[in-house]
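Some notes on the structure that comes next.
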Amino acid sequence: MSKTADFGGWIREYGPTFIILVVMVIAWEIGCDLAKVPVWLLPAPSRIWTETLQLLPVLPGHIYATLTSIVGGFLVAVVAAVPLAIAVVYSPFLRRVIYPPLLMFQSVPKVAIAPLLLMWLGYGLQSNIVIAATVAFFPIVVNTATGLEAVESELLDLTRSFDAAKPKVFWKLRLPWAMPYFFSSLKVAITFAVIGAVVAEFIGSDKGLGYLILASSGAMNTAAMFSVLVILSVIGILCFYAVIVCEQLLCPWYLPGQQDKGGI
Amino acid sequence: MGRFWKWAGSGAIAAVVGIASFTAQAADEVSFTFDWIYNGTHAGYYVARDKGYYRDAGIDVTLSRGSGSGDTVKRIGAGIAMFGVADTSVVVAARGNEDIPVRIVAMAYGKSPLGVIYLAESGIKKPKDLEGRTIGRTASGSSVTMFPPFLAANGIDRATMKETVADANTLLPLLMSRRVDAVLGQTVNIGRYKALGAKQGLTAMGMNYADYGLEAYGNAIIAHPKTIESNPDLVRRFVLASMKGLAYAIVNPEEAIATLKKAVPEVDAGAAMEEITSLRDIVLTDEVRKNGVGYASQQRMAATIDMVSRALKVKRTLSVADVFDARFLPSSPVMPPK
Amino acid sequence: MATQSPSVSPPGRRSKSLAQLQTVGKDYTVRSGGTVTALQDVSLDIRENEFVTLVGPSGCGKSTVLKILGGIIRASRGTLLFDGKPLDKPSREIGMVFQRPVLLPWRSVLDNVLFPIEMLGWNVSEHLDEAHRLIKLVGLSGFEKALPQELSGGMQQRVSICRALVYDPKLLLMDEPFGAVDAMTREEMGLEVMRIWRERRKTVVFVTHSISESVFLADRVVVMTPRPGRIVVDLPIDLPRPRTIDMEFTPEFKAYADVVRGAIYSSKRSA
């Protein structure tokens, strides 16, 4: 895996995105100024910036709390989902038993049951992690199960033709085959984990970015609230890209445009 | 052929209705947003509508629920609704921190309903007993922000208390399960606590900040300065009708709740009854008995602004006029009917 | 010349029977509830070192015959003998090549070729030389470390042939292996397969829907027709080996092709 220090290439790839972002921020600033938009309706970027500077001392603690919930919830979701996906693929009985309650659980808005969960589990980081995990869990199960089953039938015929043992078929065929599906679901799951962590904080925390949003809104400080929202988006984006990096390291064969089609 | 007569018929009816409404005194269409989800404290406004107080004042009112005082303040400030109900401390914060364009035009609550709800079984009898206890509260909100002045007024050390943060709906079960000794909230809500407590043989009690050193106002009627400027007469009429309804409701609670229930069937009549009953003491302060429902004095308003500004570290120094426009209080005091 | 004849060994060739289908039938239950007879009364004798092609229109059951031979599908009726013994599960003496190469995208060419060895739990290092030899045999030396996405379709198919041969099976079953490859590459690869068959002394059963390909490659052409799937002709091909492309233009070749074509179309009419 050669990561060429091609600075020129880096600029070419990310330059346009960066420029568009800068243009959007400037337009926002000018727009607010020209239309005299009140700060409590839509704060201008400059106000958001000053508020961010004011928040700076307390931010690290809150960011750390929310990140812990996000990453913790995400990991718990993965650890719970993968065995379940395997079980569902290998046992039609378990599939019939597991899918209906899973679907029911998924359809319930977590915002509604989170207060109950917090009551049962107690308030604190561990409950936030559980709530984030419940939101992130479902896409991983479904996608991973799909991936495990999606092996080309000819390949399965092939392994059958030389009578390969089932565990070998799992480890050497189904599992690697499912990796792209698995990572695809992880990208969805991490964004869900962010949402779940923030929802949990809305409901019962006095730490974390979700709490900060509520507190700023309650103190009638819309600019501070926006500042936290921006920080939250940045964190969400960074988490997402972290998953992409893992994907590049662990299943490089899947990413399109990586290899040239050569030869005859 | 039958189709033609149908069209002609409806056209005629429309014309007649149009003409009729034109010739009749066109009522002012008014949108009025509450501070929270429909509950017993709003019964007075439904009474005002049901008994025709608004109609007689030439007002066609649309009543809608709110999502918190802060949200209602923003709605009035943005012109989404014409009048609203919001807690005074939130209005002060909104005026001072973000200069949201609203003014208080009447004071619904004679004193702030913010306070501590606790169980008699916990042994708490007075504010000082809260030291060393576990308190349940929401992450933010008026009951939380006004807690420090309350503590200061009573010489209580906050550091001795454990605080559990939860969302508003969870505070009730928290107290009932004895996971906390007391919760911060509004004493108008004590009805729910009492009802649930009774089922478990527990007695819920309330302690208003206002009775223990905090001379602060509570829910107020608010409006946008532009509404005040362009149509002061409408504001006056609206305030009068609303206060009449409120005054009637607090001395006729059963009728008021029945009216509320007719308009909003999903309201829990039992809890609403408790709310309107507790509301009576909050509306009918000595000051109100002398000056009428809706009254607020300049001095007490100034004191409220000062205390809230310090508690919330409000950025701007506010004058009373920044927050309260006293010109629309009923000229003859509105008293509850005997 | 639509005869239901049991297979007859070509004159002069008295080799032993490697695989035998005896009155094999295969039924499938359809969703609507009935059964479809995919194969009816198929008897086929594959002799050692023979190159047999199975040809026929779609739905005649030629792929089904192959899969039964390979032990992937079980016959509904009849017996399958391999090396004189009944075969009821897949054998390591049989290798299969499918129409699509289906290589594992996360493995290099060499690792793909060694895939069966790993799956069988055998010692990889012992078969490393053989893998390299096979890769050289199909003309892909130098591509051992390449990933499948980097190869063309024809190259990938050649890798799958190596994969089928790496554990040295006696019988190689190929199910329209050149279907996904262009016409020029097809001819080349046909020559390749015949070369491998000769050099490694394998037995090959090759399914195709191309009449000329079936004649070009085979010692014997077995013609099948559908509804129900059955063998109509078992035609020995007596053309000299090694076969060359220009043989396709000889009158003898054309005569054989005509017989095959006639068998297919006349049974279409009579069906």
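To be explicit about the labels: the chains of the structure tokens are called A, B, and onward in the order shown, and within each one the residues are counted from 1, while ligands get numbers from 1 in the order they are shown.
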*Where does DSSP see alpha helix (DSSP H) in segment 29-204 of chain B, if you list the residues as a count of residues only?*
60
_Leu130 of chain B environment, 12 Å, only C-alpha atoms, sequence neighbours closer than 5 positions dropped, as a PyMOL selection string_ = chain B and resi 116-119+122-125+135-136+147+150-151+154-163+180-184+207
Would you output that residue set with C-alpha atoms, as a short mmCIF file (atom, residue, chain, number, x, y, z; two decimals), in the first residue's frame?
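The file below, result_4.cif, is the result:
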data_model
loop_
_atom_site.label_atom_id
_atom_site.label_comp_id
_atom_site.auth_asym_id
_atom_site.auth_seq_id
_atom_site.Cartn_x
_atom_site.Cartn_y
_atom_site.Cartn_z
CA VAL B 116 -38.81 21.89 44.23
CA ILE B 117 -41.13 18.90 44.32
CA TYR B 118 -40.30 16.36 46.98
CA LEU B 119 -41.82 13.55 48.97
CA SER B 122 -38.04 11.97 52.58
CA GLY B 123 -38.10 14.11 55.67
CA ILE B 124 -37.54 17.36 53.81
CA LYS B 125 -39.48 20.19 55.42
CA ILE B 135 -31.77 16.20 43.31
CA GLY B 136 -33.23 15.27 39.94
CA PHE B 147 -32.00 27.21 41.33
CA PHE B 150 -32.97 30.16 45.38
CA LEU B 151 -30.07 28.42 47.06
CA ASN B 154 -31.60 30.42 51.63
CA GLY B 155 -27.93 29.96 52.38
CA ILE B 156 -27.79 26.43 50.91
CA ASP B 157 -24.52 24.91 49.72
CA ARG B 158 -25.00 23.31 46.33
CA ALA B 159 -21.79 21.36 46.56
CA THR B 160 -23.35 19.13 49.20
CA MET B 161 -26.00 17.94 46.78
CA LYS B 162 -25.84 15.14 44.22
CA GLU B 163 -27.55 15.96 40.97
CA VAL B 180 -33.83 11.03 43.97
CA ASP B 181 -35.09 12.90 47.04
CA ALA B 182 -36.46 15.90 45.15
CA VAL B 183 -36.84 17.21 41.63
CA LEU B 184 -36.69 20.71 40.21
CA MET B 207 -41.80 24.26 47.56
#
Restrict the calculation to only C-alpha atoms, then for each residue of segment 241-328 of chain B with any atom at most 12 Å from an atom of segment 219-226 of chain A give the closest atom pair and their distance in Å to one decimal, rows by chain and rising residue number, as a tab-separated table.
residue	atom	partner	partner_atom	distance
B:Val308	CA	A:Ala219	CA	11.2
B:Ser309	CA	A:Ala219	CA	11.0
B:Ala311	CA	A:Ala219	CA	10.6
B:Leu312	CA	A:Ala219	CA	7.2
B:Lys313	CA	A:Ala219	CA	9.2
B:Val314	CA	A:Ala219	CA	8.8
B:Lys315	CA	A:Asn221	CA	10.4
Output N, CA and C atoms for every residue in that selection, as a short mmCIF file (atom, residue, chain, number, x, y, z; two decimals), in the first residue's frame.
data_model
loop_
_atom_site.label_atom_id
_atom_site.label_comp_id
_atom_site.auth_asym_id
_atom_site.auth_seq_id
_atom_site.Cartn_x
_atom_site.Cartn_y
_atom_site.Cartn_z
N VAL B 308 -32.63 37.38 37.46
CA VAL B 308 -32.45 36.46 36.34
C VAL B 308 -31.16 36.79 35.58
N SER B 309 -30.91 38.09 35.39
CA SER B 309 -29.71 38.49 34.65
C SER B 309 -28.47 37.97 35.34
N ALA B 311 -28.35 35.42 37.49
CA ALA B 311 -28.33 33.95 37.50
C ALA B 311 -27.89 33.38 36.16
N LEU B 312 -28.32 34.01 35.09
CA LEU B 312 -28.02 33.47 33.77
C LEU B 312 -26.84 34.16 33.10
N LYS B 313 -26.23 35.07 33.81
CA LYS B 313 -25.11 35.84 33.25
C LYS B 313 -25.51 36.45 31.92
N VAL B 314 -26.65 37.15 31.96
CA VAL B 314 -27.15 37.75 30.73
C VAL B 314 -26.21 38.87 30.28
N LYS B 315 -26.02 38.97 28.97
CA LYS B 315 -24.97 39.85 28.46
C LYS B 315 -25.31 41.33 28.59
#
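Atom CA of Phe170 of chain A sits 19.0 Å away from atom CA of Val124 of chain C.
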For Val166 of chain C, work out the shell of residues within 10 Å, counting only C-alpha atoms and skipping chain neighbours fewer than 4 positions away, then give it as a tab-separated table (two decimals) with N, CA and C atoms, in the first residue's frame.
chain	number	residue	atom	x	y	z
C	95	GLY	N	-12.32	-32.32	-11.32
C	95	GLY	CA	-12.16	-30.86	-11.26
C	95	GLY	C	-13.19	-30.20	-12.16
C	113	VAL	N	-5.11	-20.13	-7.54
C	113	VAL	CA	-4.83	-21.49	-8.02
C	113	VAL	C	-4.69	-22.44	-6.85
C	114	LEU	N	-4.11	-21.97	-5.76
C	114	LEU	CA	-3.89	-22.83	-4.60
C	114	LEU	C	-5.13	-22.96	-3.71
C	115	PHE	N	-6.18	-22.23	-4.03
C	115	PHE	CA	-7.40	-22.22	-3.21
C	115	PHE	C	-7.91	-23.64	-2.90
C	116	PRO	N	-8.06	-24.53	-3.90
C	116	PRO	CA	-8.56	-25.86	-3.56
C	116	PRO	C	-7.67	-26.60	-2.56
C	117	ILE	N	-6.36	-26.42	-2.70
C	117	ILE	CA	-5.43	-27.09	-1.78
C	117	ILE	C	-5.72	-26.66	-0.36
C	127	HIS	N	2.41	-28.20	-3.01
C	127	HIS	CA	1.78	-28.02	-4.32
C	127	HIS	C	2.20	-26.73	-5.01
C	128	LEU	N	3.12	-26.02	-4.39
C	128	LEU	CA	3.56	-24.74	-4.94
C	128	LEU	C	4.16	-24.90	-6.34
C	129	ASP	N	5.04	-25.90	-6.46
C	129	ASP	CA	5.69	-26.12	-7.76
C	129	ASP	C	4.65	-26.43	-8.83
C	130	GLU	N	3.73	-27.29	-8.49
C	130	GLU	CA	2.69	-27.68	-9.45
C	130	GLU	C	1.90	-26.46	-9.89
C	131	ALA	N	1.57	-25.60	-8.92
C	131	ALA	CA	0.81	-24.38	-9.24
C	131	ALA	C	1.59	-23.53	-10.23
C	132	HIS	N	2.89	-23.36	-9.95
C	132	HIS	CA	3.71	-22.57	-10.86
C	132	HIS	C	3.75	-23.20	-12.25
C	133	ARG	N	3.85	-24.54	-12.27
C	133	ARG	CA	3.91	-25.24	-13.57
C	133	ARG	C	2.63	-25.01	-14.35
C	134	LEU	N	1.50	-25.09	-13.66
C	134	LEU	CA	0.22	-24.91	-14.34
C	134	LEU	C	0.09	-23.49	-14.88
C	135	ILE	N	0.51	-22.53	-14.05
C	135	ILE	CA	0.42	-21.14	-14.49
C	135	ILE	C	1.27	-20.94	-15.73
C	160	SER	N	-8.71	-20.12	-13.81
C	160	SER	CA	-9.66	-21.07	-13.21
C	160	SER	C	-9.40	-22.48	-13.71
C	161	ILE	N	-8.84	-22.62	-14.91
C	161	ILE	CA	-8.46	-23.95	-15.38
C	161	ILE	C	-7.31	-24.49	-14.54
C	162	CYS	N	-6.32	-23.64	-14.25
C	162	CYS	CA	-5.22	-24.06	-13.37
C	162	CYS	C	-5.76	-24.50	-12.03
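Those residues of chain A that fall within 7 Å of chain B when using only C-alpha atoms read Val39, Trp40, Pro115, Ile203, Gly204, Ser205, Asp206, Tyr211, Leu214, Ala215, Gly218, Ala219, Met220 and Asn221 of chain A.
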*asked:* When you count only C-alpha atoms, which of these residues is closest to Leu250 of chain A: C:Pro177, C:Gly262, C:Trp106, C:Val159?
replied: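 Looking only at the distances to Leu250 of chain A, the closest residue turns out to be C:Trp106.
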*With only C-alpha atoms as the basis for distance, which of C:Arg261, C:Arg31, C:Arg163, C:Arg201 is at the shortest distance from Val233 of chain C?*
C:Arg261
_Pick from C:Gly25, C:Gly229, C:Gly121, C:Gly34, whichever lies nearest to chain A using only C-alpha atoms_ = C:Gly121
*All residues 8 Å or closer to segment 289-298 of chain B, only C-alpha atoms, same chain fewer than 4 positions away omitted, as a PyMOL selection string*: chain B and resi 106-110+243-244+246-247+283-285+302+320+326+329-330+332-336
Generate a file of the selected residues that holds N, CA and C atoms, formatted as a PDB file, in the first residue's frame.
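Result file is out.pdb:
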ATOM      1  N   ALA B 106     -48.624  41.229  29.603  1.00  0.00           N
ATOM      2  CA  ALA B 106     -49.448  40.944  30.785  1.00  0.00           C
ATOM      3  C   ALA B 106     -48.799  39.801  31.538  1.00  0.00           C
ATOM      4  N   MET B 107     -49.033  39.744  32.842  1.00  0.00           N
ATOM      5  CA  MET B 107     -48.428  38.689  33.658  1.00  0.00           C
ATOM      6  C   MET B 107     -49.503  37.685  34.047  1.00  0.00           C
ATOM      7  N   ALA B 108     -49.458  36.483  33.474  1.00  0.00           N
ATOM      8  CA  ALA B 108     -50.476  35.478  33.790  1.00  0.00           C
ATOM      9  C   ALA B 108     -50.287  34.958  35.214  1.00  0.00           C
ATOM     10  N   TYR B 109     -49.031  34.642  35.551  1.00  0.00           N
ATOM     11  CA  TYR B 109     -48.765  34.097  36.879  1.00  0.00           C
ATOM     12  C   TYR B 109     -48.317  35.208  37.818  1.00  0.00           C
ATOM     13  N   GLY B 110     -48.980  35.331  38.956  1.00  0.00           N
ATOM     14  CA  GLY B 110     -48.576  36.350  39.924  1.00  0.00           C
ATOM     15  C   GLY B 110     -47.219  36.075  40.514  1.00  0.00           C
ATOM     16  N   MET B 243     -57.222  37.428  30.209  1.00  0.00           N
ATOM     17  CA  MET B 243     -57.188  37.493  31.668  1.00  0.00           C
ATOM     18  C   MET B 243     -58.552  37.189  32.265  1.00  0.00           C
ATOM     19  N   LYS B 244     -59.604  37.609  31.556  1.00  0.00           N
ATOM     20  CA  LYS B 244     -60.951  37.269  32.036  1.00  0.00           C
ATOM     21  C   LYS B 244     -61.117  35.758  32.079  1.00  0.00           C
ATOM     22  N   LEU B 246     -58.774  33.472  32.265  1.00  0.00           N
ATOM     23  CA  LEU B 246     -57.916  32.905  33.312  1.00  0.00           C
ATOM     24  C   LEU B 246     -58.550  33.092  34.687  1.00  0.00           C
ATOM     25  N   ALA B 247     -59.064  34.307  34.936  1.00  0.00           N
ATOM     26  CA  ALA B 247     -59.677  34.585  36.232  1.00  0.00           C
ATOM     27  C   ALA B 247     -60.867  33.677  36.475  1.00  0.00           C
ATOM     28  N   VAL B 283     -51.576  32.308  40.636  1.00  0.00           N
ATOM     29  CA  VAL B 283     -52.132  33.491  39.980  1.00  0.00           C
ATOM     30  C   VAL B 283     -52.562  34.517  41.017  1.00  0.00           C
ATOM     31  N   LEU B 284     -53.281  34.066  42.044  1.00  0.00           N
ATOM     32  CA  LEU B 284     -53.884  35.014  43.006  1.00  0.00           C
ATOM     33  C   LEU B 284     -52.930  35.345  44.141  1.00  0.00           C
ATOM     34  N   THR B 285     -51.911  36.134  43.838  1.00  0.00           N
ATOM     35  CA  THR B 285     -51.039  36.642  44.904  1.00  0.00           C
ATOM     36  C   THR B 285     -51.700  37.873  45.525  1.00  0.00           C
ATOM     37  N   ALA B 302     -38.432  44.840  37.817  1.00  0.00           N
ATOM     38  CA  ALA B 302     -37.011  45.191  37.859  1.00  0.00           C
ATOM     39  C   ALA B 302     -36.239  44.178  38.693  1.00  0.00           C
ATOM     40  N   VAL B 320     -36.485  47.900  32.560  1.00  0.00           N
ATOM     41  CA  VAL B 320     -37.807  47.277  32.606  1.00  0.00           C
ATOM     42  C   VAL B 320     -38.498  47.417  31.253  1.00  0.00           C
ATOM     43  N   ALA B 326     -46.141  47.999  29.991  1.00  0.00           N
ATOM     44  CA  ALA B 326     -47.250  47.946  30.945  1.00  0.00           C
ATOM     45  C   ALA B 326     -48.520  48.593  30.460  1.00  0.00           C
ATOM     46  N   LEU B 329     -52.231  46.525  30.364  1.00  0.00           N
ATOM     47  CA  LEU B 329     -52.931  45.892  31.466  1.00  0.00           C
ATOM     48  C   LEU B 329     -54.349  46.437  31.514  1.00  0.00           C
ATOM     49  N   PRO B 330     -55.308  45.578  31.875  1.00  0.00           N
ATOM     50  CA  PRO B 330     -56.708  46.032  31.879  1.00  0.00           C
ATOM     51  C   PRO B 330     -56.884  47.286  32.724  1.00  0.00           C
ATOM     52  N   SER B 332     -59.577  48.506  34.148  1.00  0.00           N
ATOM     53  CA  SER B 332     -60.199  48.164  35.429  1.00  0.00           C
ATOM     54  C   SER B 332     -59.782  46.744  35.762  1.00  0.00           C
ATOM     55  N   PRO B 333     -59.298  46.521  36.977  1.00  0.00           N
ATOM     56  CA  PRO B 333     -58.700  45.225  37.340  1.00  0.00           C
ATOM     57  C   PRO B 333     -59.662  44.066  37.070  1.00  0.00           C
ATOM     58  N   VAL B 334     -59.094  42.990  36.522  1.00  0.00           N
ATOM     59  CA  VAL B 334     -59.872  41.785  36.262  1.00  0.00           C
ATOM     60  C   VAL B 334     -59.830  40.921  37.509  1.00  0.00           C
ATOM     61  N   MET B 335     -60.989  40.694  38.107  1.00  0.00           N
ATOM     62  CA  MET B 335     -61.051  39.866  39.306  1.00  0.00           C
ATOM     63  C   MET B 335     -61.822  38.597  39.003  1.00  0.00           C
ATOM     64  N   PRO B 336     -61.486  37.530  39.674  1.00  0.00           N
ATOM     65  CA  PRO B 336     -62.266  36.306  39.478  1.00  0.00           C
ATOM     66  C   PRO B 336     -63.703  36.534  39.929  1.00  0.00           C
TER      67      PRO B 336
END
*List every residue of segment 49-217 of chain B that DSSP, applied to the backbone, labels as strand (DSSP E or B), and write the result as a PyMOL selection string.*
chain B and resi 59-64+83-87+103-107+114-119+134-137+162-165+182-186+204-208
*Do a neighbour search on segment 194-196 of chain C at 9 Å with only C-alpha atoms, toss out local chain neighbours closer than 3 positions, and write the hits as a list in words.*
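Close residues of segment 194-196 of chain C: Phe51, Leu137, Val138, Met189, Gly190, Leu191, Glu199, Arg200, Arg201, Lys202, Leu217, Pro242 and Arg243 of chain C.
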Could you write out as a PDB file with C-alpha atoms, in the first residue's frame the residues of chain C within 6 Å of chain A, counting only C-alpha atoms?
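In the end it all went to selection27.pdb:
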ATOM      1  CA  ILE C  72     -22.728 -31.366  -7.113  1.00  0.00           C
ATOM      2  CA  PRO C  90     -18.031 -35.070  -4.640  1.00  0.00           C
ATOM      3  CA  SER C  91     -14.725 -36.631  -5.476  1.00  0.00           C
ATOM      4  CA  ARG C  92     -11.254 -35.195  -5.369  1.00  0.00           C
ATOM      5  CA  TRP C 106      -8.943 -10.677  -2.732  1.00  0.00           C
ATOM      6  CA  MET C 119      -9.825 -25.816   1.202  1.00  0.00           C
ATOM      7  CA  LEU C 120      -8.905 -29.503   1.176  1.00  0.00           C
ATOM      8  CA  GLU C 150      -6.068  -6.780 -13.348  1.00  0.00           C
ATOM      9  CA  LEU C 151      -6.628  -9.615 -15.810  1.00  0.00           C
ATOM     10  CA  SER C 152      -8.840  -9.915 -18.851  1.00  0.00           C
TER      11      SER C 152
END
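As for atom CA of Ile80 of chain B and atom CA of Ser31 of chain B, they are spaced 8.4 Å apart.
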*asked:* Can you pull out the residues contacting segment 187-197 of chain A? Cut-off 6 Å, using only C-alpha atoms, and skip same-chain residues under 6 positions away; I want them as an MDAnalysis selection string.
replied: chainID A and resid 69:70 74 128 131:132 135:136
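Using only C-alpha atoms, the residues found no farther than 8 Å from segment 55-57 of chain B, other than those of its own chain fewer than 6 positions away, are Ala27, Arg49, Arg237, Phe238 and Ala241 of chain B.
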Keeping only C-alpha atoms, take the residues you just selected and write them out as a compact mmCIF listing (two decimals), in the first residue's frame.
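Okay, part03.txt is ready:
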# COMPACT_ATOMS: atom_id res chain seq x y z
CA ALA B 27 -62.69 39.72 13.34
CA ARG B 49 -62.80 31.19 23.72
CA ARG B 237 -58.44 43.55 23.77
CA PHE B 238 -56.52 40.29 23.63
CA ALA B 241 -60.18 38.61 27.11
*Measure the distance from atom CA of Ile211 of chain C to atom CA of Gln157 of chain C in Å and round it to one decimal.*
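About the pair atom CA of Ile211 of chain C and atom CA of Gln157 of chain C: they are 21.2 Å apart.
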*Between A:Thr17, A:Ser185, A:Thr144, A:Gln248, which has the minimum distance to Val82 of chain A (counting only C-alpha atoms)?*
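Ranked by minimum distance to Val82 of chain A, first place goes to A:Thr144.
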